[in-house]
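Pasting start-v4.pdb here (PDB, C-alpha atoms and all ligand atoms):
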```
ATOM      1  CA  MET A   1     -67.403 107.422  17.533  1.00  0.00           C
ATOM      2  CA  SER A   2     -68.386 110.494  19.459  1.00  0.00           C
ATOM      3  CA  GLY A   3     -71.747 111.894  20.342  1.00  0.00           C
ATOM      4  CA  LEU A   4     -73.584 108.633  20.901  1.00  0.00           C
ATOM      5  CA  ARG A   5     -75.511 108.653  24.169  1.00  0.00           C
ATOM      6  CA  VAL A   6     -74.902 105.874  26.656  1.00  0.00           C
ATOM      7  CA  LEU A   7     -76.763 105.109  29.864  1.00  0.00           C
ATOM      8  CA  VAL A   8     -74.811 103.142  32.473  1.00  0.00           C
ATOM      9  CA  VAL A   9     -77.016 101.290  34.986  1.00  0.00           C
ATOM     10  CA  GLU A  10     -74.719  99.792  37.617  1.00  0.00           C
ATOM     11  CA  ASP A  11     -74.928  99.911  41.393  1.00  0.00           C
ATOM     12  CA  GLU A  12     -71.267  99.172  42.124  1.00  0.00           C
ATOM     13  CA  GLU A  13     -69.763 102.603  42.213  1.00  0.00           C
ATOM     14  CA  PRO A  14     -66.145 101.734  41.284  1.00  0.00           C
ATOM     15  CA  ILE A  15     -67.328  99.868  38.182  1.00  0.00           C
ATOM     16  CA  ARG A  16     -69.783 102.612  37.274  1.00  0.00           C
ATOM     17  CA  MET A  17     -67.190 105.355  37.657  1.00  0.00           C
ATOM     18  CA  ALA A  18     -64.598 103.436  35.631  1.00  0.00           C
ATOM     19  CA  LEU A  19     -67.144 102.927  32.857  1.00  0.00           C
ATOM     20  CA  VAL A  20     -68.236 106.555  32.856  1.00  0.00           C
ATOM     21  CA  ASP A  21     -64.625 107.743  32.684  1.00  0.00           C
ATOM     22  CA  ALA A  22     -63.689 105.387  29.857  1.00  0.00           C
ATOM     23  CA  LEU A  23     -66.828 106.155  27.855  1.00  0.00           C
ATOM     24  CA  GLU A  24     -66.477 109.906  28.207  1.00  0.00           C
ATOM     25  CA  HIS A  25     -62.861 109.582  27.154  1.00  0.00           C
ATOM     26  CA  GLU A  26     -64.097 107.850  23.988  1.00  0.00           C
ATOM     27  CA  GLY A  27     -66.452 110.715  23.257  1.00  0.00           C
ATOM     28  CA  TYR A  28     -69.715 109.168  24.376  1.00  0.00           C
ATOM     29  CA  VAL A  29     -72.258 111.324  26.174  1.00  0.00           C
ATOM     30  CA  VAL A  30     -72.892 109.419  29.390  1.00  0.00           C
ATOM     31  CA  THR A  31     -75.682 109.374  31.940  1.00  0.00           C
ATOM     32  CA  GLN A  32     -75.703 107.013  34.881  1.00  0.00           C
ATOM     33  CA  ALA A  33     -78.018 105.347  37.349  1.00  0.00           C
ATOM     34  CA  ALA A  34     -77.197 103.366  40.497  1.00  0.00           C
ATOM     35  CA  ASP A  35     -80.429 101.381  40.688  1.00  0.00           C
ATOM     36  CA  GLY A  36     -82.895  99.735  38.333  1.00  0.00           C
ATOM     37  CA  ALA A  37     -85.823 102.058  38.913  1.00  0.00           C
ATOM     38  CA  ARG A  38     -83.779 105.153  38.155  1.00  0.00           C
ATOM     39  CA  GLY A  39     -82.182 103.368  35.197  1.00  0.00           C
ATOM     40  CA  LEU A  40     -85.554 102.582  33.669  1.00  0.00           C
ATOM     41  CA  GLU A  41     -86.783 106.112  34.225  1.00  0.00           C
ATOM     42  CA  LEU A  42     -83.711 107.615  32.535  1.00  0.00           C
ATOM     43  CA  ALA A  43     -83.798 105.121  29.672  1.00  0.00           C
ATOM     44  CA  LEU A  44     -87.434 105.856  28.869  1.00  0.00           C
ATOM     45  CA  ARG A  45     -86.987 109.603  29.223  1.00  0.00           C
ATOM     46  CA  GLU A  46     -83.755 109.959  27.246  1.00  0.00           C
ATOM     47  CA  ALA A  47     -83.882 107.009  24.842  1.00  0.00           C
ATOM     48  CA  PRO A  48     -80.100 106.607  24.766  1.00  0.00           C
ATOM     49  CA  ASP A  49     -78.378 104.923  21.855  1.00  0.00           C
ATOM     50  CA  ILE A  50     -76.861 102.290  24.129  1.00  0.00           C
ATOM     51  CA  VAL A  51     -77.761 101.008  27.599  1.00  0.00           C
ATOM     52  CA  LEU A  52     -75.167  99.147  29.675  1.00  0.00           C
ATOM     53  CA  LEU A  53     -77.270  97.208  32.132  1.00  0.00           C
ATOM     54  CA  ASP A  54     -76.139  95.390  35.257  1.00  0.00           C
ATOM     55  CA  LEU A  55     -78.418  92.543  36.349  1.00  0.00           C
ATOM     56  CA  MET A  56     -78.223  92.558  40.151  1.00  0.00           C
ATOM     57  CA  LEU A  57     -79.514  96.006  40.978  1.00  0.00           C
ATOM     58  CA  PRO A  58     -81.344  97.528  43.918  1.00  0.00           C
ATOM     59  CA  LYS A  59     -85.011  98.494  43.525  1.00  0.00           C
ATOM     60  CA  ARG A  60     -85.516  96.767  40.205  1.00  0.00           C
ATOM     61  CA  ASP A  61     -83.352  94.026  38.697  1.00  0.00           C
ATOM     62  CA  GLY A  62     -81.827  94.168  35.250  1.00  0.00           C
ATOM     63  CA  PHE A  63     -84.138  91.589  33.684  1.00  0.00           C
ATOM     64  CA  SER A  64     -87.176  93.537  34.829  1.00  0.00           C
ATOM     65  CA  VAL A  65     -85.685  96.762  33.456  1.00  0.00           C
ATOM     66  CA  LEU A  66     -84.912  95.080  30.145  1.00  0.00           C
ATOM     67  CA  ARG A  67     -88.427  93.686  29.831  1.00  0.00           C
ATOM     68  CA  ALA A  68     -89.962  97.051  30.610  1.00  0.00           C
ATOM     69  CA  LEU A  69     -87.730  98.777  28.055  1.00  0.00           C
ATOM     70  CA  ARG A  70     -88.758  96.421  25.300  1.00  0.00           C
ATOM     71  CA  GLU A  71     -92.437  96.539  26.272  1.00  0.00           C
ATOM     72  CA  ASP A  72     -92.135 100.253  25.807  1.00  0.00           C
ATOM     73  CA  ARG A  73     -90.598  99.549  22.407  1.00  0.00           C
ATOM     74  CA  LEU A  74     -87.401 101.300  23.301  1.00  0.00           C
ATOM     75  CA  GLN A  75     -84.972 100.535  20.477  1.00  0.00           C
ATOM     76  CA  SER A  76     -81.755 101.265  22.355  1.00  0.00           C
ATOM     77  CA  VAL A  77     -78.970  98.729  22.038  1.00  0.00           C
ATOM     78  CA  VAL A  78     -78.771  96.941  25.397  1.00  0.00           C
ATOM     79  CA  ILE A  79     -75.589  95.248  26.586  1.00  0.00           C
ATOM     80  CA  VAL A  80     -75.974  93.250  29.791  1.00  0.00           C
ATOM     81  CA  LEU A  81     -73.153  93.339  32.331  1.00  0.00           C
ATOM     82  CA  SER A  82     -73.355  89.986  34.030  1.00  0.00           C
ATOM     83  CA  ALA A  83     -71.287  88.784  36.974  1.00  0.00           C
ATOM     84  CA  ARG A  84     -69.832  85.324  36.683  1.00  0.00           C
ATOM     85  CA  GLY A  85     -72.147  82.843  38.351  1.00  0.00           C
ATOM     86  CA  GLU A  86     -75.189  85.067  38.143  1.00  0.00           C
ATOM     87  CA  GLU A  87     -78.422  83.625  36.900  1.00  0.00           C
ATOM     88  CA  TRP A  88     -77.800  84.975  33.449  1.00  0.00           C
ATOM     89  CA  ASP A  89     -79.271  82.682  30.910  1.00  0.00           C
ATOM     90  CA  ARG A  90     -78.148  84.021  27.568  1.00  0.00           C
ATOM     91  CA  VAL A  91     -81.080  82.500  25.698  1.00  0.00           C
ATOM     92  CA  GLN A  92     -83.557  84.077  28.064  1.00  0.00           C
ATOM     93  CA  GLY A  93     -81.591  87.321  27.912  1.00  0.00           C
ATOM     94  CA  PHE A  94     -81.740  87.450  24.153  1.00  0.00           C
ATOM     95  CA  GLU A  95     -85.456  86.659  24.301  1.00  0.00           C
ATOM     96  CA  TYR A  96     -85.920  89.603  26.616  1.00  0.00           C
ATOM     97  CA  GLY A  97     -84.211  91.708  24.001  1.00  0.00           C
ATOM     98  CA  ALA A  98     -80.610  92.022  25.136  1.00  0.00           C
ATOM     99  CA  ASP A  99     -78.326  92.654  22.180  1.00  0.00           C
ATOM    100  CA  ASP A 100     -75.167  91.388  23.764  1.00  0.00           C
ATOM    101  CA  TYR A 101     -73.584  90.729  27.115  1.00  0.00           C
ATOM    102  CA  VAL A 102     -70.188  90.782  28.767  1.00  0.00           C
ATOM    103  CA  VAL A 103     -69.192  88.775  31.809  1.00  0.00           C
ATOM    104  CA  LYS A 104     -67.594  90.574  34.737  1.00  0.00           C
ATOM    105  CA  PRO A 105     -64.794  91.176  35.187  1.00  0.00           C
ATOM    106  CA  PHE A 106     -64.652  92.383  31.583  1.00  0.00           C
ATOM    107  CA  SER A 107     -62.030  94.457  29.851  1.00  0.00           C
ATOM    108  CA  ILE A 108     -63.241  97.922  28.992  1.00  0.00           C
ATOM    109  CA  ARG A 109     -61.540  97.603  25.649  1.00  0.00           C
ATOM    110  CA  GLU A 110     -63.561  94.512  24.829  1.00  0.00           C
ATOM    111  CA  LEU A 111     -66.738  96.293  25.855  1.00  0.00           C
ATOM    112  CA  LEU A 112     -65.876  99.304  23.705  1.00  0.00           C
ATOM    113  CA  GLY A 113     -65.288  96.984  20.760  1.00  0.00           C
ATOM    114  CA  ARG A 114     -68.716  95.424  21.217  1.00  0.00           C
ATOM    115  CA  MET A 115     -70.292  98.842  21.529  1.00  0.00           C
ATOM    116  CA  ARG A 116     -68.701  99.990  18.294  1.00  0.00           C
ATOM    117  CA  ALA A 117     -69.909  96.912  16.451  1.00  0.00           C
ATOM    118  CA  LEU A 118     -73.432  97.210  17.849  1.00  0.00           C
ATOM    119  CA  SER A 119     -73.732 100.926  17.237  1.00  0.00           C
ATOM    120  CA  ARG A 120     -72.891 100.421  13.598  1.00  0.00           C
ATOM    121  CA  ARG A 121     -75.757  98.001  13.588  1.00  0.00           C
ATOM    122  CA  ALA A 122     -77.942 100.603  15.279  1.00  0.00           C
ATOM    123  CA  GLU A 123     -77.113 102.959  12.428  1.00  0.00           C
ATOM    124  CA  GLY A 124     -78.467 100.374  10.062  1.00  0.00           C
ATOM    125  CA  SER A 125     -75.317  99.417   8.199  1.00  0.00           C
ATOM    126  CA  ALA A 126     -75.647  95.728   9.077  1.00  0.00           C
ATOM    127  CA  PRO A 127     -79.093  94.730   7.920  1.00  0.00           C
ATOM    128  CA  GLY A 128     -78.408  91.100   8.820  1.00  0.00           C
ATOM    129  CA  LEU A 129     -78.731  91.889  12.490  1.00  0.00           C
ATOM    130  CA  SER A 130     -81.344  94.574  12.404  1.00  0.00           C
ATOM    131  CA  GLY A 131     -84.627  94.494  14.224  1.00  0.00           C
ATOM    132  CA  ASP A 132     -85.479  91.288  15.967  1.00  0.00           C
ATOM    133  CA  ALA A 133     -83.419  89.104  13.663  1.00  0.00           C
ATOM    134  CA  ARG A 134     -81.842  86.484  15.836  1.00  0.00           C
ATOM    135  CA  ARG A 135     -81.582  84.232  12.811  1.00  0.00           C
ATOM    136  CA  VAL A 136     -79.411  85.377   9.961  1.00  0.00           C
ATOM    137  CA  ARG A 137     -79.166  83.735   6.590  1.00  0.00           C
ATOM    138  CA  ILE A 138     -75.665  83.421   5.157  1.00  0.00           C
ATOM    139  CA  GLY A 139     -75.849  81.772   1.749  1.00  0.00           C
ATOM    140  CA  ASP A 140     -77.532  78.421   2.302  1.00  0.00           C
ATOM    141  CA  ALA A 141     -76.787  78.425   6.033  1.00  0.00           C
ATOM    142  CA  VAL A 142     -78.882  79.954   8.798  1.00  0.00           C
ATOM    143  CA  VAL A 143     -77.131  81.193  11.909  1.00  0.00           C
ATOM    144  CA  ASP A 144     -79.251  81.140  15.038  1.00  0.00           C
ATOM    145  CA  PHE A 145     -77.668  83.591  17.445  1.00  0.00           C
ATOM    146  CA  ALA A 146     -80.043  82.706  20.257  1.00  0.00           C
ATOM    147  CA  ALA A 147     -79.354  78.985  20.035  1.00  0.00           C
ATOM    148  CA  TYR A 148     -75.640  79.317  19.261  1.00  0.00           C
ATOM    149  CA  CYS A 149     -75.796  77.142  16.191  1.00  0.00           C
ATOM    150  CA  VAL A 150     -75.665  76.988  12.406  1.00  0.00           C
ATOM    151  CA  GLU A 151     -78.162  75.040  10.314  1.00  0.00           C
ATOM    152  CA  ARG A 152     -77.222  73.942   6.840  1.00  0.00           C
ATOM    153  CA  GLY A 153     -78.625  71.203   4.662  1.00  0.00           C
ATOM    154  CA  GLY A 154     -80.751  69.852   7.519  1.00  0.00           C
ATOM    155  CA  ALA A 155     -77.794  69.569   9.893  1.00  0.00           C
ATOM    156  CA  ARG A 156     -77.139  71.666  12.977  1.00  0.00           C
ATOM    157  CA  GLU A 157     -73.729  72.514  14.317  1.00  0.00           C
ATOM    158  CA  GLY A 158     -72.922  74.382  17.481  1.00  0.00           C
ATOM    159  CA  LEU A 159     -71.024  77.651  17.518  1.00  0.00           C
ATOM    160  CA  SER A 160     -68.650  78.589  20.276  1.00  0.00           C
ATOM    161  CA  ARG A 161     -69.136  81.972  21.873  1.00  0.00           C
ATOM    162  CA  ARG A 162     -65.973  83.207  20.173  1.00  0.00           C
ATOM    163  CA  GLU A 163     -67.113  81.964  16.776  1.00  0.00           C
ATOM    164  CA  MET A 164     -70.389  83.818  17.275  1.00  0.00           C
ATOM    165  CA  GLU A 165     -68.592  86.977  18.268  1.00  0.00           C
ATOM    166  CA  LEU A 166     -66.317  86.747  15.271  1.00  0.00           C
ATOM    167  CA  LEU A 167     -69.320  86.187  13.042  1.00  0.00           C
ATOM    168  CA  ARG A 168     -71.164  89.134  14.545  1.00  0.00           C
ATOM    169  CA  HIS A 169     -68.098  91.243  13.881  1.00  0.00           C
ATOM    170  CA  PHE A 170     -68.015  90.139  10.246  1.00  0.00           C
ATOM    171  CA  LEU A 171     -71.757  90.829   9.904  1.00  0.00           C
ATOM    172  CA  ALA A 172     -71.324  94.303  11.348  1.00  0.00           C
ATOM    173  CA  HIS A 173     -68.580  94.982   8.796  1.00  0.00           C
ATOM    174  CA  GLU A 174     -69.967  93.214   5.781  1.00  0.00           C
ATOM    175  CA  GLY A 175     -68.044  93.968   2.617  1.00  0.00           C
ATOM    176  CA  GLU A 176     -65.115  95.633   4.357  1.00  0.00           C
ATOM    177  CA  ALA A 177     -61.573  94.290   4.077  1.00  0.00           C
ATOM    178  CA  LEU A 178     -60.716  93.753   7.740  1.00  0.00           C
ATOM    179  CA  GLU A 179     -57.178  93.583   9.054  1.00  0.00           C
ATOM    180  CA  ARG A 180     -56.344  90.773  11.428  1.00  0.00           C
ATOM    181  CA  GLY A 181     -55.111  93.208  14.086  1.00  0.00           C
ATOM    182  CA  ASP A 182     -58.389  95.118  14.077  1.00  0.00           C
ATOM    183  CA  ILE A 183     -60.374  91.897  14.302  1.00  0.00           C
ATOM    184  CA  LEU A 184     -58.256  90.839  17.296  1.00  0.00           C
ATOM    185  CA  ASP A 185     -58.867  94.171  19.011  1.00  0.00           C
ATOM    186  CA  ALA A 186     -62.597  94.029  18.487  1.00  0.00           C
ATOM    187  CA  VAL A 187     -63.297  90.380  19.169  1.00  0.00           C
ATOM    188  CA  TRP A 188     -60.577  89.232  21.537  1.00  0.00           C
ATOM    189  CA  GLY A 189     -59.529  92.207  23.615  1.00  0.00           C
ATOM    190  CA  ARG A 190     -56.783  92.964  26.043  1.00  0.00           C
ATOM    191  CA  ASP A 191     -56.971  90.165  28.569  1.00  0.00           C
ATOM    192  CA  GLU A 192     -55.981  87.499  26.161  1.00  0.00           C
ATOM    193  CA  ASP A 193     -52.923  87.239  24.031  1.00  0.00           C
ATOM    194  CA  PRO A 194     -54.078  85.772  20.771  1.00  0.00           C
ATOM    195  CA  THR A 195     -51.984  85.722  17.660  1.00  0.00           C
ATOM    196  CA  THR A 196     -53.160  86.354  14.132  1.00  0.00           C
ATOM    197  CA  ARG A 197     -53.075  82.580  13.769  1.00  0.00           C
ATOM    198  CA  THR A 198     -55.884  82.433  16.321  1.00  0.00           C
ATOM    199  CA  ILE A 199     -58.093  84.327  13.891  1.00  0.00           C
ATOM    200  CA  ASP A 200     -57.092  82.109  11.005  1.00  0.00           C
ATOM    201  CA  MET A 201     -58.040  79.027  13.034  1.00  0.00           C
ATOM    202  CA  HIS A 202     -61.432  80.471  13.916  1.00  0.00           C
ATOM    203  CA  VAL A 203     -62.102  81.486  10.331  1.00  0.00           C
ATOM    204  CA  LEU A 204     -61.284  77.944   9.226  1.00  0.00           C
ATOM    205  CA  LYS A 205     -63.775  76.579  11.740  1.00  0.00           C
ATOM    206  CA  LEU A 206     -66.467  79.025  10.631  1.00  0.00           C
ATOM    207  CA  ARG A 207     -65.834  78.153   6.996  1.00  0.00           C
ATOM    208  CA  ARG A 208     -66.345  74.466   7.785  1.00  0.00           C
ATOM    209  CA  LYS A 209     -69.698  75.286   9.346  1.00  0.00           C
ATOM    210  CA  LEU A 210     -70.945  77.905   6.890  1.00  0.00           C
ATOM    211  CA  GLU A 211     -69.396  77.329   3.511  1.00  0.00           C
ATOM    212  CA  PRO A 212     -70.686  74.804   0.945  1.00  0.00           C
ATOM    213  CA  ASP A 213     -67.034  74.138   0.069  1.00  0.00           C
ATOM    214  CA  PRO A 214     -64.723  75.330   2.855  1.00  0.00           C
ATOM    215  CA  GLU A 215     -61.707  74.984   0.576  1.00  0.00           C
ATOM    216  CA  ARG A 216     -63.203  77.464  -1.862  1.00  0.00           C
ATOM    217  CA  PRO A 217     -64.994  79.980   0.371  1.00  0.00           C
ATOM    218  CA  ARG A 218     -67.762  82.226  -0.922  1.00  0.00           C
ATOM    219  CA  HIS A 219     -68.523  84.150   2.267  1.00  0.00           C
ATOM    220  CA  LEU A 220     -65.406  84.351   4.419  1.00  0.00           C
ATOM    221  CA  LEU A 221     -62.916  85.534   1.860  1.00  0.00           C
ATOM    222  CA  THR A 222     -59.187  85.896   2.366  1.00  0.00           C
ATOM    223  CA  VAL A 223     -57.771  89.311   1.543  1.00  0.00           C
ATOM    224  CA  HIS A 224     -54.148  88.535   0.829  1.00  0.00           C
ATOM    225  CA  GLY A 225     -51.640  90.386   2.951  1.00  0.00           C
ATOM    226  CA  LYS A 226     -54.392  91.921   5.038  1.00  0.00           C
ATOM    227  CA  GLY A 227     -57.053  89.737   6.559  1.00  0.00           C
ATOM    228  CA  TYR A 228     -60.607  88.865   5.652  1.00  0.00           C
ATOM    229  CA  ARG A 229     -63.703  90.154   3.937  1.00  0.00           C
ATOM    230  CA  PHE A 230     -67.170  88.827   4.625  1.00  0.00           C
ATOM    231  CA  THR A 231     -70.203  88.740   2.392  1.00  0.00           C
ATOM    232  CA  ARG A 232     -73.567  87.213   3.272  1.00  0.00           C
ATOM    233  CA  ARG A 233     -74.762  86.626  -0.241  1.00  0.00           C
ATOM    234  CA  GLY A 234     -71.568  84.932  -1.325  1.00  0.00           C
ATOM    235  CA  GLU A 235     -69.236  85.400  -4.251  1.00  0.00           C
ATOM    236  CA  GLU A 236     -68.152  82.932  -6.871  1.00  0.00           C
ATOM    237  CA  PRO A 237     -65.095  81.123  -5.512  1.00  0.00           C
ATOM    238  CA  ARG A 238     -61.869  81.951  -7.250  1.00  0.00           C
TER     239      ARG A 238
HETATM  240 CA    CA B 301     -74.845  94.844  40.731  1.00  0.00          CA
END
```

So, in terms of structure tokens, how does the structure I just supplied come out?
Ligand code: CA
Amino acid sequence: MSGLRVLVVEDEEPIRMALVDALEHEGYVVTQAADGARGLELALREAPDIVLLDLMLPKRDGFSVLRALREDRLQSVVIVLSARGEEWDRVQGFEYGADDYVVKPFSIRELLGRMRALSRRAEGSAPGLSGDARRVRIGDAVVDFAAYCVERGGAREGLSRREMELLRHFLAHEGEALERGDILDAVWGRDEDPTTRTIDMHVLKLRRKLEPDPERPRHLLTVHGKGYRFTRRGEEPR
């Protein structure tokens, strides 16, 4: 995962420096800005692969930067860094074109996991989430990532944030046999102490919401002795 260019727009210097250090350590090429105006200027000039965007910024706030980026048709992946209690409305954020967000204080490992998942998407290997698709069809279900819900057979069911994140992870890795440990690393992160059973429980819940017959899954398939494999189109149940 080296060589991708990341722009960090964050006015709090300790957070910015910690991010820059961690990202450079991971092999990203990092530029940084301490206010919104400079952030926008750098983003438009350098068109980075990923923008990490704080919301409360001097000179120009994060929402305004995000809107300007999208009006300029900048395709960079944008991850919003939102402080707890800030006026971050995720629906509005996704409408403005944010790809994802993390709530401060976040674990850098969690953020890196999100970045990896999203940059695979940026490379086009997860067509389900490409472009402006906030709604993704999975078999006869439609997942609405902006509204946090699944629609199937005329019924709507809510998705928890974690279920959405898990689903995004599966979408970004469609067709791959994923080990439980890797899923935990990418979706849960360091601050929590989930067990592999945690994943199994979440997969069960997703199956109930997505699968025509949760007992005989077509999309969220068990890979025995390893973990799970996801397919949007669905396979004949065994
Ligand atoms: Ca700030």

(request) Please provide the set of residues having any atom within 8 Å of A:Gly97, restricted to only C-alpha atoms, with same-chain residues fewer than 6 positions apart removed, written as a count of residues only. (result) 4

(message) Residues within 10 Å of A:Leu112, please, as a list in words. Count all atoms listed in the file; anything in the same chain fewer than 6 positions from it doesn't count.
(response)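 Once the adjacent positions are removed, what remains is Leu19, Ala22, Leu23, Glu26, Leu118, Asp185, Ala186 and Gly189 of chain A.
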
(request) Could you give me, as a list in words, the residues within 12 Å of A:Pro48, counting all atoms listed in the file and dropping anything in the same chain fewer than 3 positions from it? (result)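 Result of the neighbour search: Gly3, Leu4, Arg5, Val6, Leu7, Val8, Val9, Tyr28, Val29, Val30, Thr31, Gln32, Gly39, Leu40, Glu41, Leu42, Ala43, Leu44, Arg45, Val51, Leu52, Leu69, Leu74, Gln75, Ser76, Val77, Val78, Ser119 and Ala122 of chain A.
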
Export C-alpha atoms of the chosen residues as a PDB file, in the coordinates of the input?
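Below is the file that was written, part29.pdb:
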```pdb
ATOM      1  CA  GLY A   3     -71.747 111.894  20.342  1.00  0.00           C
ATOM      2  CA  LEU A   4     -73.584 108.633  20.901  1.00  0.00           C
ATOM      3  CA  ARG A   5     -75.511 108.653  24.169  1.00  0.00           C
ATOM      4  CA  VAL A   6     -74.902 105.874  26.656  1.00  0.00           C
ATOM      5  CA  LEU A   7     -76.763 105.109  29.864  1.00  0.00           C
ATOM      6  CA  VAL A   8     -74.811 103.142  32.473  1.00  0.00           C
ATOM      7  CA  VAL A   9     -77.016 101.290  34.986  1.00  0.00           C
ATOM      8  CA  TYR A  28     -69.715 109.168  24.376  1.00  0.00           C
ATOM      9  CA  VAL A  29     -72.258 111.324  26.174  1.00  0.00           C
ATOM     10  CA  VAL A  30     -72.892 109.419  29.390  1.00  0.00           C
ATOM     11  CA  THR A  31     -75.682 109.374  31.940  1.00  0.00           C
ATOM     12  CA  GLN A  32     -75.703 107.013  34.881  1.00  0.00           C
ATOM     13  CA  GLY A  39     -82.182 103.368  35.197  1.00  0.00           C
ATOM     14  CA  LEU A  40     -85.554 102.582  33.669  1.00  0.00           C
ATOM     15  CA  GLU A  41     -86.783 106.112  34.225  1.00  0.00           C
ATOM     16  CA  LEU A  42     -83.711 107.615  32.535  1.00  0.00           C
ATOM     17  CA  ALA A  43     -83.798 105.121  29.672  1.00  0.00           C
ATOM     18  CA  LEU A  44     -87.434 105.856  28.869  1.00  0.00           C
ATOM     19  CA  ARG A  45     -86.987 109.603  29.223  1.00  0.00           C
ATOM     20  CA  VAL A  51     -77.761 101.008  27.599  1.00  0.00           C
ATOM     21  CA  LEU A  52     -75.167  99.147  29.675  1.00  0.00           C
ATOM     22  CA  LEU A  69     -87.730  98.777  28.055  1.00  0.00           C
ATOM     23  CA  LEU A  74     -87.401 101.300  23.301  1.00  0.00           C
ATOM     24  CA  GLN A  75     -84.972 100.535  20.477  1.00  0.00           C
ATOM     25  CA  SER A  76     -81.755 101.265  22.355  1.00  0.00           C
ATOM     26  CA  VAL A  77     -78.970  98.729  22.038  1.00  0.00           C
ATOM     27  CA  VAL A  78     -78.771  96.941  25.397  1.00  0.00           C
ATOM     28  CA  SER A 119     -73.732 100.926  17.237  1.00  0.00           C
ATOM     29  CA  ALA A 122     -77.942 100.603  15.279  1.00  0.00           C
TER      30      ALA A 122
END
```

(request) May I ask which of the residues A:Val65, A:Leu171, A:Ala34, A:Ala177 is the closest one to A:Pro14, counting only C-alpha atoms? (result)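 Result for the nearest residue to A:Pro14: A:Ala34.
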
Starting from 4 Å padding per side, set up an axis-aligned box that covers all listed atoms of stretch 30-34 of chain A and hand over centre and edge lengths in Å, one decimal, as JSON.
```
{"center_x": -75.5, "center_y": 106.4, "center_z": 34.9, "size_x": 13.1, "size_y": 14.1, "size_z": 19.1}
```

(request) Could the residues that lie within 8 Å of ligand CA 301 (chain B), counting only C-alpha atoms and all ligand atoms, be listed as a list in words? (result)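 I would give the residues around ligand CA 301 (chain B) as Glu10, Asp11, Glu12, Asp54, Leu55, Met56, Leu57, Pro58 and Ala83 of chain A.
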
(request) Please measure the separation of atom CA of A:Met201 and atom CA of A:Met164, giving the value in Å to one decimal. (result) 13.9 Å

(request) Name the residues that the PyMOL selection byres (((chain A and resi 227) around 12) and not hetatm) pulls out of this structure, and write them as a ChimeraX atom specification. (result) /A:170,176-184,196-197,199-200,203,220-226,228-230

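Using all atoms listed in the file, the smallest distance between any of A:Ala141, A:Ile108, A:Leu159, A:Ala146 and A:Asp21 comes from A:Ile108.
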
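Considering the residues A:Glu165, A:Ile15, A:Glu215, A:Ile138 and counting all atoms listed in the file, A:Pro105 has its shortest atom-to-atom contact with A:Ile15.
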
N, CA and C atoms are what I want for stretch 175-186 of chain A; can you complete it accordingly and write them as a PDB file, keeping the file's coordinate frame?
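Saved result, selection.pdb, follows:
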```pdb
ATOM      1  N   GLY A 175     -68.597  93.337   3.806  1.00  0.00           N
ATOM      2  CA  GLY A 175     -68.044  93.968   2.617  1.00  0.00           C
ATOM      3  C   GLY A 175     -66.725  94.692   2.831  1.00  0.00           C
ATOM      4  N   GLU A 176     -66.360  94.903   4.088  1.00  0.00           N
ATOM      5  CA  GLU A 176     -65.115  95.633   4.357  1.00  0.00           C
ATOM      6  C   GLU A 176     -63.941  94.649   4.422  1.00  0.00           C
ATOM      7  N   ALA A 177     -62.787  95.084   3.897  1.00  0.00           N
ATOM      8  CA  ALA A 177     -61.573  94.290   4.077  1.00  0.00           C
ATOM      9  C   ALA A 177     -61.054  94.577   5.483  1.00  0.00           C
ATOM     10  N   LEU A 178     -61.076  93.564   6.329  1.00  0.00           N
ATOM     11  CA  LEU A 178     -60.716  93.753   7.740  1.00  0.00           C
ATOM     12  C   LEU A 178     -59.312  93.228   7.997  1.00  0.00           C
ATOM     13  N   GLU A 179     -58.522  94.034   8.697  1.00  0.00           N
ATOM     14  CA  GLU A 179     -57.178  93.583   9.054  1.00  0.00           C
ATOM     15  C   GLU A 179     -57.244  92.684  10.279  1.00  0.00           C
ATOM     16  N   ARG A 180     -56.341  91.709  10.292  1.00  0.00           N
ATOM     17  CA  ARG A 180     -56.344  90.773  11.428  1.00  0.00           C
ATOM     18  C   ARG A 180     -56.208  91.501  12.757  1.00  0.00           C
ATOM     19  N   GLY A 181     -55.328  92.493  12.825  1.00  0.00           N
ATOM     20  CA  GLY A 181     -55.111  93.208  14.086  1.00  0.00           C
ATOM     21  C   GLY A 181     -56.378  93.876  14.586  1.00  0.00           C
ATOM     22  N   ASP A 182     -57.145  94.452  13.667  1.00  0.00           N
ATOM     23  CA  ASP A 182     -58.389  95.118  14.077  1.00  0.00           C
ATOM     24  C   ASP A 182     -59.417  94.099  14.548  1.00  0.00           C
ATOM     25  N   ILE A 183     -59.440  92.942  13.876  1.00  0.00           N
ATOM     26  CA  ILE A 183     -60.374  91.897  14.302  1.00  0.00           C
ATOM     27  C   ILE A 183     -60.001  91.434  15.714  1.00  0.00           C
ATOM     28  N   LEU A 184     -58.707  91.252  15.953  1.00  0.00           N
ATOM     29  CA  LEU A 184     -58.256  90.839  17.296  1.00  0.00           C
ATOM     30  C   LEU A 184     -58.692  91.852  18.342  1.00  0.00           C
ATOM     31  N   ASP A 185     -58.492  93.128  18.052  1.00  0.00           N
ATOM     32  CA  ASP A 185     -58.867  94.171  19.011  1.00  0.00           C
ATOM     33  C   ASP A 185     -60.349  94.112  19.333  1.00  0.00           C
ATOM     34  N   ALA A 186     -61.148  93.940  18.295  1.00  0.00           N
ATOM     35  CA  ALA A 186     -62.597  94.029  18.487  1.00  0.00           C
ATOM     36  C   ALA A 186     -63.172  92.767  19.125  1.00  0.00           C
TER      37      ALA A 186
END
```
